[in-house]
$ cat work-v6.cif   # mmCIF, C-alpha atoms and all ligand atoms
data_coords
#
loop_
_atom_site.group_PDB
_atom_site.id
_atom_site.type_symbol
_atom_site.label_atom_id
_atom_site.label_comp_id
_atom_site.auth_asym_id
_atom_site.auth_seq_id
_atom_site.Cartn_x
_atom_site.Cartn_y
_atom_site.Cartn_z
ATOM 1 C CA MET A 217 -5.141 100.553 -22.851
ATOM 2 C CA THR A 218 -5.826 104.246 -22.280
ATOM 3 C CA THR A 219 -8.488 104.911 -19.677
ATOM 4 C CA HIS A 220 -10.814 107.899 -19.524
ATOM 5 C CA MET A 221 -8.742 109.170 -16.594
ATOM 6 C CA ASP A 222 -5.512 108.916 -18.621
ATOM 7 C CA SER A 223 -6.959 110.992 -21.424
ATOM 8 C CA MET A 224 -8.359 113.615 -19.028
ATOM 9 C CA MET A 225 -4.969 113.754 -17.305
ATOM 10 C CA ALA A 226 -3.201 114.161 -20.664
ATOM 11 C CA ALA A 227 -5.642 116.919 -21.677
ATOM 12 C CA ALA A 228 -5.076 118.757 -18.377
ATOM 13 C CA ALA A 229 -1.294 118.377 -18.731
ATOM 14 C CA SER A 230 -1.467 119.723 -22.267
ATOM 15 C CA LEU A 231 -3.424 122.822 -21.151
ATOM 16 C CA LEU A 232 -0.894 123.455 -18.403
ATOM 17 C CA THR A 233 2.181 123.025 -20.588
ATOM 18 C CA MET A 234 0.836 125.668 -22.975
ATOM 19 C CA ALA A 235 0.112 128.113 -20.130
ATOM 20 C CA ARG A 236 2.323 130.979 -18.966
ATOM 21 C CA ARG A 237 0.113 132.487 -16.266
ATOM 22 C CA VAL A 238 -1.311 129.974 -13.805
ATOM 23 C CA VAL A 239 -3.448 130.339 -10.694
ATOM 24 C CA VAL A 240 -3.893 127.452 -8.260
ATOM 25 C CA PHE A 241 -6.892 127.895 -5.956
ATOM 26 C CA THR A 242 -7.065 125.497 -3.002
ATOM 27 C CA GLY A 243 -9.479 124.519 -0.257
ATOM 28 C CA ALA A 244 -9.547 122.196 2.733
ATOM 29 C CA GLY A 245 -9.408 119.057 0.548
ATOM 30 C CA VAL A 246 -5.727 119.641 -0.266
ATOM 31 C CA SER A 247 -4.877 119.309 3.453
ATOM 32 C CA ALA A 248 -7.223 116.366 4.100
ATOM 33 C CA GLU A 249 -4.506 113.794 3.425
ATOM 34 C CA SER A 250 -2.349 115.562 6.034
ATOM 35 C CA GLY A 251 -5.015 114.717 8.589
ATOM 36 C CA ILE A 252 -6.574 118.190 8.758
ATOM 37 C CA GLY A 253 -10.354 118.122 8.847
ATOM 38 C CA THR A 254 -12.401 119.663 6.029
ATOM 39 C CA PHE A 255 -15.559 121.688 6.688
ATOM 40 C CA ARG A 256 -18.356 120.017 4.780
ATOM 41 C CA ASP A 257 -17.455 116.352 4.379
ATOM 42 C CA ALA A 258 -20.477 114.459 5.644
ATOM 43 C CA LEU A 259 -18.987 112.608 8.615
ATOM 44 C CA THR A 260 -15.759 114.351 9.550
ATOM 45 C CA GLY A 261 -16.261 117.948 8.329
ATOM 46 C CA HIS A 262 -16.183 120.631 11.058
ATOM 47 C CA TRP A 263 -19.494 122.137 9.925
ATOM 48 C CA SER A 264 -21.139 118.703 9.857
ATOM 49 C CA ARG A 265 -20.373 118.383 13.584
ATOM 50 C CA PHE A 266 -20.365 121.953 14.915
ATOM 51 C CA ASP A 267 -22.399 125.097 14.361
ATOM 52 C CA PRO A 268 -20.328 127.587 12.334
ATOM 53 C CA GLN A 269 -22.244 130.514 13.857
ATOM 54 C CA GLN A 270 -21.053 129.421 17.292
ATOM 55 C CA LEU A 271 -17.393 128.966 16.334
ATOM 56 C CA ALA A 272 -16.786 131.294 13.419
ATOM 57 C CA SER A 273 -18.707 134.529 13.922
ATOM 58 C CA GLN A 274 -18.524 137.670 16.079
ATOM 59 C CA GLU A 275 -21.819 136.650 17.701
ATOM 60 C CA GLY A 276 -20.436 133.230 18.642
ATOM 61 C CA PHE A 277 -17.249 134.784 20.065
ATOM 62 C CA ALA A 278 -19.252 137.304 22.101
ATOM 63 C CA ALA A 279 -21.502 134.540 23.449
ATOM 64 C CA ASP A 280 -18.699 132.155 24.487
ATOM 65 C CA PRO A 281 -15.136 133.416 23.923
ATOM 66 C CA GLY A 282 -13.640 130.476 25.841
ATOM 67 C CA LEU A 283 -15.315 127.888 23.631
ATOM 68 C CA VAL A 284 -14.124 129.622 20.456
ATOM 69 C CA TRP A 285 -10.572 130.058 21.832
ATOM 70 C CA ARG A 286 -10.258 126.415 22.848
ATOM 71 C CA TRP A 287 -11.605 125.190 19.500
ATOM 72 C CA TYR A 288 -9.081 127.218 17.497
ATOM 73 C CA ILE A 289 -6.194 126.188 19.788
ATOM 74 C CA GLU A 290 -7.186 122.544 19.231
ATOM 75 C CA ARG A 291 -7.229 123.090 15.461
ATOM 76 C CA LEU A 292 -3.899 124.966 15.618
ATOM 77 C CA THR A 293 -2.367 122.018 17.454
ATOM 78 C CA SER A 294 -3.526 119.612 14.751
ATOM 79 C CA VAL A 295 -2.039 121.905 12.057
ATOM 80 C CA GLU A 296 1.268 122.119 13.936
ATOM 81 C CA ASN A 297 1.400 118.323 14.193
ATOM 82 C CA ALA A 298 0.575 117.811 10.504
ATOM 83 C CA LEU A 299 2.989 117.545 7.596
ATOM 84 C CA PRO A 300 2.495 118.697 4.000
ATOM 85 C CA ASN A 301 1.373 115.843 1.743
ATOM 86 C CA ARG A 302 2.241 114.919 -1.845
ATOM 87 C CA GLY A 303 -0.456 117.258 -3.156
ATOM 88 C CA HIS A 304 1.139 120.252 -1.435
ATOM 89 C CA ALA A 305 4.540 119.132 -2.746
ATOM 90 C CA ALA A 306 3.247 118.957 -6.329
ATOM 91 C CA ILE A 307 1.823 122.490 -6.049
ATOM 92 C CA ALA A 308 5.235 123.689 -4.830
ATOM 93 C CA VAL A 309 6.765 122.149 -7.984
ATOM 94 C CA LEU A 310 4.186 123.975 -10.138
ATOM 95 C CA GLU A 311 5.387 127.293 -8.687
ATOM 96 C CA THR A 312 8.857 126.631 -10.124
ATOM 97 C CA ILE A 313 7.542 125.891 -13.628
ATOM 98 C CA PHE A 314 5.475 128.887 -14.700
ATOM 99 C CA PRO A 315 6.689 132.426 -15.416
ATOM 100 C CA GLU A 316 3.650 133.805 -13.552
ATOM 101 C CA PHE A 317 2.262 131.690 -10.769
ATOM 102 C CA THR A 318 -0.194 132.639 -8.029
ATOM 103 C CA LEU A 319 -1.323 130.341 -5.253
ATOM 104 C CA VAL A 320 -4.584 131.396 -3.633
ATOM 105 C CA THR A 321 -5.808 129.374 -0.682
ATOM 106 C CA GLN A 322 -8.850 129.400 1.524
ATOM 107 C CA ASN A 323 -6.902 127.349 4.051
ATOM 108 C CA VAL A 324 -5.745 128.871 7.318
ATOM 109 C CA ASP A 325 -2.967 126.294 7.778
ATOM 110 C CA ASP A 326 0.640 126.887 6.628
ATOM 111 C CA LEU A 327 1.171 123.590 4.805
ATOM 112 C CA HIS A 328 1.638 125.238 1.398
ATOM 113 C CA GLU A 329 4.459 127.355 2.833
ATOM 114 C CA ARG A 330 6.013 124.341 4.555
ATOM 115 C CA ALA A 331 5.858 122.411 1.254
ATOM 116 C CA GLY A 332 7.939 125.165 -0.363
ATOM 117 C CA ASN A 333 5.529 127.645 -1.946
ATOM 118 C CA ARG A 334 6.906 131.150 -1.488
ATOM 119 C CA ASN A 335 3.958 133.381 -2.266
ATOM 120 C CA VAL A 336 0.667 132.197 -0.832
ATOM 121 C CA LEU A 337 -2.403 134.417 -0.742
ATOM 122 C CA HIS A 338 -4.482 133.394 2.275
ATOM 123 C CA LEU A 339 -8.009 134.650 1.618
ATOM 124 C CA HIS A 340 -9.352 133.389 4.954
ATOM 125 C CA GLY A 341 -6.430 134.281 7.208
ATOM 126 C CA HIS A 342 -3.964 132.294 9.322
ATOM 127 C CA ILE A 343 -4.760 130.017 12.234
ATOM 128 C CA GLY A 344 -1.302 130.601 13.765
ATOM 129 C CA ARG A 345 -1.709 134.389 13.999
ATOM 130 C CA PHE A 346 -3.702 136.398 16.532
ATOM 131 C CA HIS A 347 -4.955 139.933 17.023
ATOM 132 C CA CYS A 348 -7.128 141.913 19.394
ATOM 133 C CA ASN A 349 -10.817 141.683 18.609
ATOM 134 C CA GLY A 350 -11.258 145.276 19.828
ATOM 135 C CA CYS A 351 -8.346 147.438 18.652
ATOM 136 C CA GLY A 352 -6.902 145.034 16.051
ATOM 137 C CA ALA A 353 -3.368 145.075 17.496
ATOM 138 C CA PRO A 354 -1.381 141.972 16.538
ATOM 139 C CA TYR A 355 -0.799 139.632 19.471
ATOM 140 C CA THR A 356 2.113 137.246 20.055
ATOM 141 C CA ARG A 357 1.085 134.151 21.983
ATOM 142 C CA CYS A 358 2.605 133.719 25.454
ATOM 143 C CA ALA A 359 3.394 130.593 27.419
ATOM 144 C CA GLY A 360 0.206 129.408 29.038
ATOM 145 C CA ASP A 361 -2.178 130.869 26.395
ATOM 146 C CA ARG A 362 -2.504 127.461 24.787
ATOM 147 C CA GLU A 363 -3.830 125.784 27.927
ATOM 148 C CA ALA A 364 -5.912 128.768 29.071
ATOM 149 C CA PRO A 365 -9.684 128.263 29.215
ATOM 150 C CA MET A 366 -10.279 131.824 28.003
ATOM 151 C CA PRO A 367 -8.600 133.929 25.299
ATOM 152 C CA PRO A 368 -5.790 136.223 26.466
ATOM 153 C CA GLN A 369 -6.592 139.908 26.880
ATOM 154 C CA CYS A 370 -5.027 142.595 24.722
ATOM 155 C CA PRO A 371 -2.233 144.452 26.603
ATOM 156 C CA PHE A 372 -3.387 147.743 25.022
ATOM 157 C CA CYS A 373 -7.160 147.739 25.387
ATOM 158 C CA THR A 374 -7.945 144.593 27.472
ATOM 159 C CA ASP A 375 -10.408 143.269 24.875
ATOM 160 C CA TYR A 376 -10.114 139.585 24.011
ATOM 161 C CA VAL A 377 -7.545 138.273 21.551
ATOM 162 C CA ARG A 378 -8.840 136.169 18.660
ATOM 163 C CA PRO A 379 -7.324 134.061 15.875
ATOM 164 C CA SER A 380 -6.586 135.993 12.672
ATOM 165 C CA VAL A 381 -9.023 134.005 10.560
ATOM 166 C CA VAL A 382 -11.976 135.377 8.620
ATOM 167 C CA TRP A 383 -15.295 134.658 10.295
ATOM 168 C CA PHE A 384 -18.699 134.556 8.631
ATOM 169 C CA GLY A 385 -19.905 138.094 7.923
ATOM 170 C CA GLU A 386 -16.368 139.541 7.902
ATOM 171 C CA MET A 387 -14.449 141.100 5.028
ATOM 172 C CA LEU A 388 -11.654 139.224 3.297
ATOM 173 C CA PRO A 389 -8.174 140.815 3.609
ATOM 174 C CA GLU A 390 -8.073 143.605 1.024
ATOM 175 C CA GLN A 391 -4.539 143.164 -0.306
ATOM 176 C CA GLU A 392 -4.831 139.379 -0.759
ATOM 177 C CA MET A 393 -8.210 139.784 -2.437
ATOM 178 C CA PHE A 394 -6.885 142.385 -4.855
ATOM 179 C CA GLN A 395 -3.913 140.229 -5.823
ATOM 180 C CA ALA A 396 -6.018 137.065 -6.155
ATOM 181 C CA TRP A 397 -8.687 138.744 -8.296
ATOM 182 C CA SER A 398 -6.061 140.397 -10.522
ATOM 183 C CA ALA A 399 -4.287 137.073 -11.042
ATOM 184 C CA ALA A 400 -7.559 135.262 -11.844
ATOM 185 C CA GLU A 401 -8.468 137.936 -14.405
ATOM 186 C CA ARG A 402 -5.135 137.506 -16.206
ATOM 187 C CA CYS A 403 -4.417 133.785 -15.986
ATOM 188 C CA ASP A 404 -4.346 131.244 -18.819
ATOM 189 C CA VAL A 405 -5.222 128.298 -16.563
ATOM 190 C CA LEU A 406 -6.836 128.159 -13.134
ATOM 191 C CA LEU A 407 -6.404 124.872 -11.292
ATOM 192 C CA VAL A 408 -8.933 124.471 -8.495
ATOM 193 C CA VAL A 409 -8.114 121.847 -5.867
ATOM 194 C CA GLY A 410 -10.119 120.398 -2.993
ATOM 195 C CA THR A 411 -12.815 122.985 -2.435
ATOM 196 C CA SER A 412 -16.579 122.603 -2.328
ATOM 197 C CA GLY A 413 -16.798 126.043 -3.982
ATOM 198 C CA VAL A 414 -19.734 127.241 -1.926
ATOM 199 C CA VAL A 415 -18.152 130.013 0.157
ATOM 200 C CA TYR A 416 -18.238 133.456 -1.434
ATOM 201 C CA PRO A 417 -16.564 135.658 -2.467
ATOM 202 C CA ALA A 418 -13.632 133.184 -2.744
ATOM 203 C CA ALA A 419 -15.668 130.792 -4.896
ATOM 204 C CA GLN A 420 -16.064 133.504 -7.562
ATOM 205 C CA LEU A 421 -12.443 133.104 -8.665
ATOM 206 C CA PRO A 422 -12.888 130.148 -11.068
ATOM 207 C CA THR A 423 -15.945 131.780 -12.677
ATOM 208 C CA LEU A 424 -14.097 135.066 -13.067
ATOM 209 C CA ALA A 425 -11.114 133.333 -14.662
ATOM 210 C CA ARG A 426 -13.341 131.358 -17.004
ATOM 211 C CA ARG A 427 -15.227 134.501 -18.102
ATOM 212 C CA ARG A 428 -11.910 136.141 -18.926
ATOM 213 C CA GLY A 429 -11.006 133.224 -21.174
ATOM 214 C CA ALA A 430 -8.942 131.018 -18.850
ATOM 215 C CA ARG A 431 -9.187 127.239 -18.926
ATOM 216 C CA VAL A 432 -10.338 125.802 -15.611
ATOM 217 C CA ILE A 433 -9.175 122.388 -14.348
ATOM 218 C CA GLU A 434 -10.532 120.865 -11.144
ATOM 219 C CA VAL A 435 -9.107 118.224 -8.790
ATOM 220 C CA ASN A 436 -11.500 116.844 -6.188
ATOM 221 C CA VAL A 437 -12.563 113.482 -4.773
ATOM 222 C CA GLU A 438 -16.090 114.244 -5.962
ATOM 223 C CA GLU A 439 -17.978 116.711 -8.125
ATOM 224 C CA SER A 440 -18.330 120.129 -6.538
ATOM 225 C CA ALA A 441 -20.287 123.339 -7.071
ATOM 226 C CA LEU A 442 -17.466 124.362 -9.429
ATOM 227 C CA SER A 443 -17.447 121.255 -11.626
ATOM 228 C CA ASP A 444 -19.747 122.874 -14.201
ATOM 229 C CA ILE A 445 -17.301 125.729 -14.638
ATOM 230 C CA ALA A 446 -14.337 123.376 -14.977
ATOM 231 C CA GLU A 447 -13.518 122.095 -18.421
ATOM 232 C CA ILE A 448 -11.779 119.072 -16.916
ATOM 233 C CA THR A 449 -12.468 117.503 -13.522
ATOM 234 C CA LEU A 450 -9.867 114.986 -12.346
ATOM 235 C CA LEU A 451 -11.588 112.870 -9.730
ATOM 236 C CA GLY A 452 -9.413 111.536 -6.922
ATOM 237 C CA PRO A 453 -7.391 112.609 -3.888
ATOM 238 C CA SER A 454 -5.135 115.592 -4.608
ATOM 239 C CA GLY A 455 -2.173 113.756 -3.034
ATOM 240 C CA VAL A 456 -2.480 111.180 -5.845
ATOM 241 C CA ILE A 457 -3.798 113.256 -8.755
ATOM 242 C CA LEU A 458 -1.470 116.284 -8.499
ATOM 243 C CA PRO A 459 1.826 114.332 -8.596
ATOM 244 C CA ARG A 460 0.458 112.406 -11.583
ATOM 245 C CA LEU A 461 -0.457 115.684 -13.260
ATOM 246 C CA VAL A 462 3.071 117.066 -12.755
ATOM 247 C CA ASP A 463 4.482 113.800 -14.195
ATOM 248 C CA ALA A 464 2.099 114.000 -17.142
ATOM 249 C CA MET A 465 3.241 117.578 -17.833
ATOM 250 C CA GLN A 466 6.876 116.468 -17.883
ATOM 251 C CA HIS A 467 5.968 113.580 -20.191
ATOM 252 C CA HIS A 468 4.013 115.968 -22.445
ATOM 253 C CA GLN A 469 6.922 118.431 -22.601
ATOM 254 C CA GLY A 470 9.371 115.643 -23.429
ATOM 255 C CA ARG A 471 7.419 114.604 -26.520
HETATM 256 P P1 LIG B 1 -15.101 122.150 2.288
HETATM 257 O O1 LIG B 1 -15.063 121.257 3.465
HETATM 258 O O2 LIG B 1 -16.336 122.916 2.035
HETATM 259 O O3 LIG B 1 -14.788 121.309 0.978
HETATM 260 C C1 LIG B 1 -13.704 120.408 0.924
HETATM 261 C C2 LIG B 1 -13.652 119.833 -0.468
HETATM 262 O O4 LIG B 1 -12.495 119.024 -0.562
HETATM 263 C C3 LIG B 1 -14.855 118.975 -0.838
HETATM 264 O O5 LIG B 1 -15.318 119.349 -2.127
HETATM 265 C C4 LIG B 1 -14.280 117.543 -0.849
HETATM 266 O O6 LIG B 1 -14.910 116.721 -1.819
HETATM 267 C C5 LIG B 1 -12.843 117.821 -1.232
HETATM 268 N N1 LIG B 1 -11.876 116.811 -0.773
HETATM 269 C C6 LIG B 1 -11.865 116.103 0.385
HETATM 270 N N2 LIG B 1 -10.776 115.338 0.476
HETATM 271 C C7 LIG B 1 -10.058 115.565 -0.659
HETATM 272 C C8 LIG B 1 -8.807 115.091 -1.164
HETATM 273 N N3 LIG B 1 -8.065 114.201 -0.501
HETATM 274 N N4 LIG B 1 -8.396 115.551 -2.369
HETATM 275 C C9 LIG B 1 -9.121 116.451 -3.079
HETATM 276 N N5 LIG B 1 -10.306 116.927 -2.650
HETATM 277 C C10 LIG B 1 -10.761 116.505 -1.455
HETATM 278 O O7 LIG B 1 -13.824 123.119 2.398
HETATM 279 P P2 LIG B 1 -13.561 124.483 1.596
HETATM 280 O O8 LIG B 1 -14.121 124.431 0.240
HETATM 281 O O9 LIG B 1 -12.117 124.792 1.765
HETATM 282 O O10 LIG B 1 -13.949 129.323 5.677
HETATM 283 O O11 LIG B 1 -14.408 125.487 2.472
HETATM 284 C C11 LIG B 1 -14.390 126.845 2.161
HETATM 285 C C12 LIG B 1 -14.443 127.663 3.423
HETATM 286 O O12 LIG B 1 -15.557 127.236 4.228
HETATM 287 C C13 LIG B 1 -13.253 127.464 4.362
HETATM 288 O O13 LIG B 1 -12.132 128.260 4.012
HETATM 289 C C14 LIG B 1 -13.810 127.895 5.686
HETATM 290 C C15 LIG B 1 -15.170 127.239 5.628
HETATM 291 O O14 LIG B 1 -16.169 127.894 6.358
HETATM 292 C C16 LIG B 1 -13.459 130.045 6.674
HETATM 293 O O15 LIG B 1 -12.865 129.562 7.612
HETATM 294 C C17 LIG B 1 -13.733 131.500 6.525
#

$ encode --input "work-v6.cif" --output "structure tokens"
Amino acid sequence: MTTHMDSMMAAAASLLTMARRVVVFTGAGVSAESGIGTFRDALTGHWSRFDPQQLASQEGFAADPGLVWRWYIERLTSVENALPNRGHAAIAVLETIFPEFTLVTQNVDDLHERAGNRNVLHLHGHIGRFHCNGCGAPYTRCAGDREAPMPPQCPFCTDYVRPSVVWFGEMLPEQEMFQAWSAAERCDVLLVVGTSGVVYPAAQLPTLARRRGARVIEVNVEESALSDIAEITLLGPSGVILPRLVDAMQHHQGR
């Protein structure tokens, strides 16, 4: 018996097998099965437990640099201890299939790279990189920084060092944005995975792609702010749904 899910999966696989230019756009949900916390999930999401203004803004950093430093070091440690999951692995396989493939992530972890993706556009920065909050000079972490109660100071200007992630009110990295927007404008299919789709400008990408004629497929454990834009929403964990989707594509191609 064919279930509704089977037919949605087959429809998504069929759209993907016909595509040449594909964009995959990911959010925290893709790393959830690796044990990395999301932001808005009701019980465990960071922003359900902590105030984002305190931990992810210039004002919060100015008010309590030690608190912000320690929070990011704790998150960095959990990223370093995590492993890519089957969802990341399936996205790495997708990169090998399409003539033009662009992976755009809002995630600051490096699990896509560790799963094998070569070109990853990080719209919200990298949790494992650091720079000076004053002069912008890149900073390489030293022994002892991890345990320190306060951020290290820049060797050039003595201002505090911060993680190279995008905070609320800050601009997205220009080059990554340009490449992501160009890819979304040109793609045949945009696959959006594990994002609530409420943080702009990143959340514009599926709408932009759709307006330019792309087909939009979503994978999420529940409906999101982007589900109306998506032609197909595959409900379930990305670590289960994405490997099934790759299998379904192979099955579709073999017919
Ligand atoms: P959110 O926490 O807002 O959303 C996570 C999404 O993942 C939700 O829609 C969940 O339903 C879904 N989800 C959870 N587990 C899943 C799983 N196993 N498989 C598939 N989906 C799952 O995270 P983002 O949308 O990434 O910004 O948040 C966007 C931005 O808000 C983040 O990049 C961060 C945050 O403030 C910055 O750090 C600048």

$ closest_atom_pairs --input "work-v6.cif" --of "chain A" --to "ligand LIG 1 (chain B)" --cutoff "8 Å" --atoms "all atoms listed in the file" --output "Markdown table"
| residue | atom | partner | partner_atom | distance |
| --- | --- | --- | --- | --- |
| A:Thr242 | CA | B:LIG1 | O9 | 7.0 |
| A:Gly243 | CA | B:LIG1 | O9 | 3.3 |
| A:Ala244 | CA | B:LIG1 | O9 | 3.8 |
| A:Gly245 | CA | B:LIG1 | O4 | 3.3 |
| A:Val246 | CA | B:LIG1 | N4 | 5.3 |
| A:Ser247 | CA | B:LIG1 | N3 | 7.2 |
| A:Ala248 | CA | B:LIG1 | N3 | 5.2 |
| A:Glu249 | CA | B:LIG1 | N3 | 5.3 |
| A:Gly253 | CA | B:LIG1 | O1 | 7.8 |
| A:Thr254 | CA | B:LIG1 | O1 | 4.0 |
| A:Phe255 | CA | B:LIG1 | O1 | 3.3 |
| A:Arg256 | CA | B:LIG1 | O1 | 3.8 |
| A:Asp257 | CA | B:LIG1 | O1 | 5.5 |
| A:Gly261 | CA | B:LIG1 | O1 | 6.0 |
| A:His262 | CA | B:LIG1 | O1 | 7.7 |
| A:Trp263 | CA | B:LIG1 | O14 | 7.5 |
| A:Pro268 | CA | B:LIG1 | O14 | 7.3 |
| A:Ala272 | CA | B:LIG1 | O15 | 7.2 |
| A:Thr321 | CA | B:LIG1 | O13 | 8.0 |
| A:Gln322 | CA | B:LIG1 | O13 | 4.3 |
| A:Asn323 | CA | B:LIG1 | O13 | 5.3 |
| A:Val324 | CA | B:LIG1 | O15 | 7.2 |
| A:Leu339 | CA | B:LIG1 | O13 | 8.0 |
| A:His340 | CA | B:LIG1 | C17 | 5.0 |
| A:Gly341 | CA | B:LIG1 | C17 | 7.8 |
| A:Val381 | CA | B:LIG1 | O15 | 6.6 |
| A:Val382 | CA | B:LIG1 | C17 | 4.7 |
| A:Trp383 | CA | B:LIG1 | C17 | 5.2 |
| A:Phe384 | CA | B:LIG1 | C17 | 6.2 |
| A:Val409 | CA | B:LIG1 | C9 | 6.2 |
| A:Gly410 | CA | B:LIG1 | N5 | 3.5 |
| A:Thr411 | CA | B:LIG1 | O8 | 3.3 |
| A:Ser412 | CA | B:LIG1 | O5 | 3.5 |
| A:Gly413 | CA | B:LIG1 | O8 | 5.3 |
| A:Val414 | CA | B:LIG1 | O8 | 6.6 |
| A:Val415 | CA | B:LIG1 | C11 | 5.3 |
| A:Val435 | CA | B:LIG1 | C9 | 6.0 |
| A:Asn436 | CA | B:LIG1 | N5 | 3.7 |
| A:Val437 | CA | B:LIG1 | N5 | 4.6 |
| A:Glu438 | CA | B:LIG1 | O6 | 5.0 |
| A:Glu439 | CA | B:LIG1 | O6 | 7.0 |
| A:Ser440 | CA | B:LIG1 | O5 | 5.4 |
| A:Leu451 | CA | B:LIG1 | C9 | 7.9 |
| A:Gly452 | CA | B:LIG1 | N4 | 6.2 |
| A:Pro453 | CA | B:LIG1 | N4 | 3.5 |
| A:Ser454 | CA | B:LIG1 | N4 | 4.0 |
| A:Gly455 | CA | B:LIG1 | N3 | 6.4 |

$ closest_atom_pairs --input "work-v6.cif" --of "segment 331-421 of chain A" --to "segment 316-319 of chain A" --cutoff "9 Å" --atoms "only C-alpha atoms" --output "CSV"
residue,atom,partner,partner_atom,distance
A:Asn333,CA,A:Leu319,CA,8.1
A:Asn335,CA,A:Leu319,CA,6.8
A:Val336,CA,A:Leu319,CA,5.2
A:Leu337,CA,A:Leu319,CA,6.2
A:His338,CA,A:Leu319,CA,8.7
A:Gln395,CA,A:Thr318,CA,8.7
A:Ala396,CA,A:Thr318,CA,7.6
A:Ala399,CA,A:Thr318,CA,6.7
A:Ala400,CA,A:Thr318,CA,8.7
A:Cys403,CA,A:Glu316,CA,8.4

$ write_last_selection --input "work-v6.cif" --atoms "C-alpha atoms" --output "mmCIF file, in the coordinates of the input"
data_model
loop_
_atom_site.group_PDB
_atom_site.id
_atom_site.type_symbol
_atom_site.label_atom_id
_atom_site.label_comp_id
_atom_site.auth_asym_id
_atom_site.auth_seq_id
_atom_site.Cartn_x
_atom_site.Cartn_y
_atom_site.Cartn_z
ATOM 1 C CA ASN A 333 5.529 127.645 -1.946
ATOM 2 C CA ASN A 335 3.958 133.381 -2.266
ATOM 3 C CA VAL A 336 0.667 132.197 -0.832
ATOM 4 C CA LEU A 337 -2.403 134.417 -0.742
ATOM 5 C CA HIS A 338 -4.482 133.394 2.275
ATOM 6 C CA GLN A 395 -3.913 140.229 -5.823
ATOM 7 C CA ALA A 396 -6.018 137.065 -6.155
ATOM 8 C CA ALA A 399 -4.287 137.073 -11.042
ATOM 9 C CA ALA A 400 -7.559 135.262 -11.844
ATOM 10 C CA CYS A 403 -4.417 133.785 -15.986
#

$ closest_residue --input "work-v6.cif" --among "A:Ala430, A:Leu424, A:Ala418, A:Met224" --to "Met387 of chain A" --atoms "only C-alpha atoms"
A:Ala418

$ resolve_selection --input "work-v6.cif" --expression "the PyMOL selection byres (((chain A and resi 348-351) around 6) and not hetatm)" --output "list in words"
His347, Gly352, Ala353, Cys370, Asp375, Tyr376, Val377 and Arg378 of chain A

$ resolve_selection --input "work-v6.cif" --expression "the PyMOL selection byres (((chain A and resi 456-462) around 8) and not hetatm)" --output "ChimeraX atom specification"
/A:225,228-229,302-303,306-307,309-310,435,450-455,463-466

$ resolve_selection --input "work-v6.cif" --expression "the PyMOL selection byres (((chain A and resi 269) around 12) and not hetatm)" --output "PyMOL selection string"
chain A and resi 262-263+266-268+270-280+284+383-385

$ closest_residue --input "work-v6.cif" --among "A:Phe372, A:Phe314, A:Phe346, A:Phe394" --to "Thr233 of chain A" --atoms "only C-alpha atoms"
A:Phe314

$ atom_distance --input "work-v6.cif" --atom1 "atom CA of Ile289 of chain A" --atom2 "atom CA of Ile252 of chain A"
13.6 Å

$ atom_distance --input "work-v6.cif" --atom1 "atom CA of Arg427 of chain A" --atom2 "atom CA of Asp404 of chain A"
11.4 Å

$ atom_distance --input "work-v6.cif" --atom1 "atom CA of Arg362 of chain A" --atom2 "atom CA of Trp287 of chain A"
10.8 Å

$ residues_around --input "work-v6.cif" --residues "Ala227 of chain A" --least-positions-apart "5" --cutoff "9 Å" --atoms "all atoms listed in the file" --output "list in words"
Asp222, Leu232 and Ile448 of chain A

$ closest_residue --input "work-v6.cif" --among "A:Ile343, A:Met221, A:Val320, A:Pro422" --to "Glu392 of chain A" --atoms "all atoms listed in the file"
A:Val320

$ closest_residue --input "work-v6.cif" --among "A:Pro315, A:Pro365, A:Gly344, A:Pro354" --to "Thr293 of chain A" --atoms "all atoms listed in the file"
A:Gly344

$ decode --input "work-v6.cif" --residues "segment 411-416 of chain A" --atoms "N, CA, C and O atoms" --output "compact mmCIF listing (two decimals), in the first residue's frame"
# COMPACT_ATOMS: atom_id res chain seq x y z
N THR A 411 14.69 24.41 9.33
CA THR A 411 14.73 25.80 9.80
C THR A 411 13.31 26.29 10.07
O THR A 411 12.38 25.91 9.35
N SER A 412 13.19 27.14 11.10
CA SER A 412 11.87 27.70 11.39
C SER A 412 11.52 28.78 10.37
O SER A 412 10.35 29.13 10.21
N GLY A 413 12.53 29.31 9.66
CA GLY A 413 12.27 30.29 8.60
C GLY A 413 11.77 31.63 9.10
O GLY A 413 11.00 32.30 8.42
N VAL A 414 12.22 32.02 10.26
CA VAL A 414 11.72 33.30 10.82
C VAL A 414 12.83 34.35 10.93
O VAL A 414 12.57 35.48 11.34
N VAL A 415 14.06 33.98 10.62
CA VAL A 415 15.16 34.94 10.77
C VAL A 415 15.56 35.48 9.39
O VAL A 415 15.97 34.73 8.51
N TYR A 416 15.40 36.80 9.25
CA TYR A 416 15.69 37.46 7.98
C TYR A 416 17.03 38.17 8.05
O TYR A 416 17.46 38.54 9.14
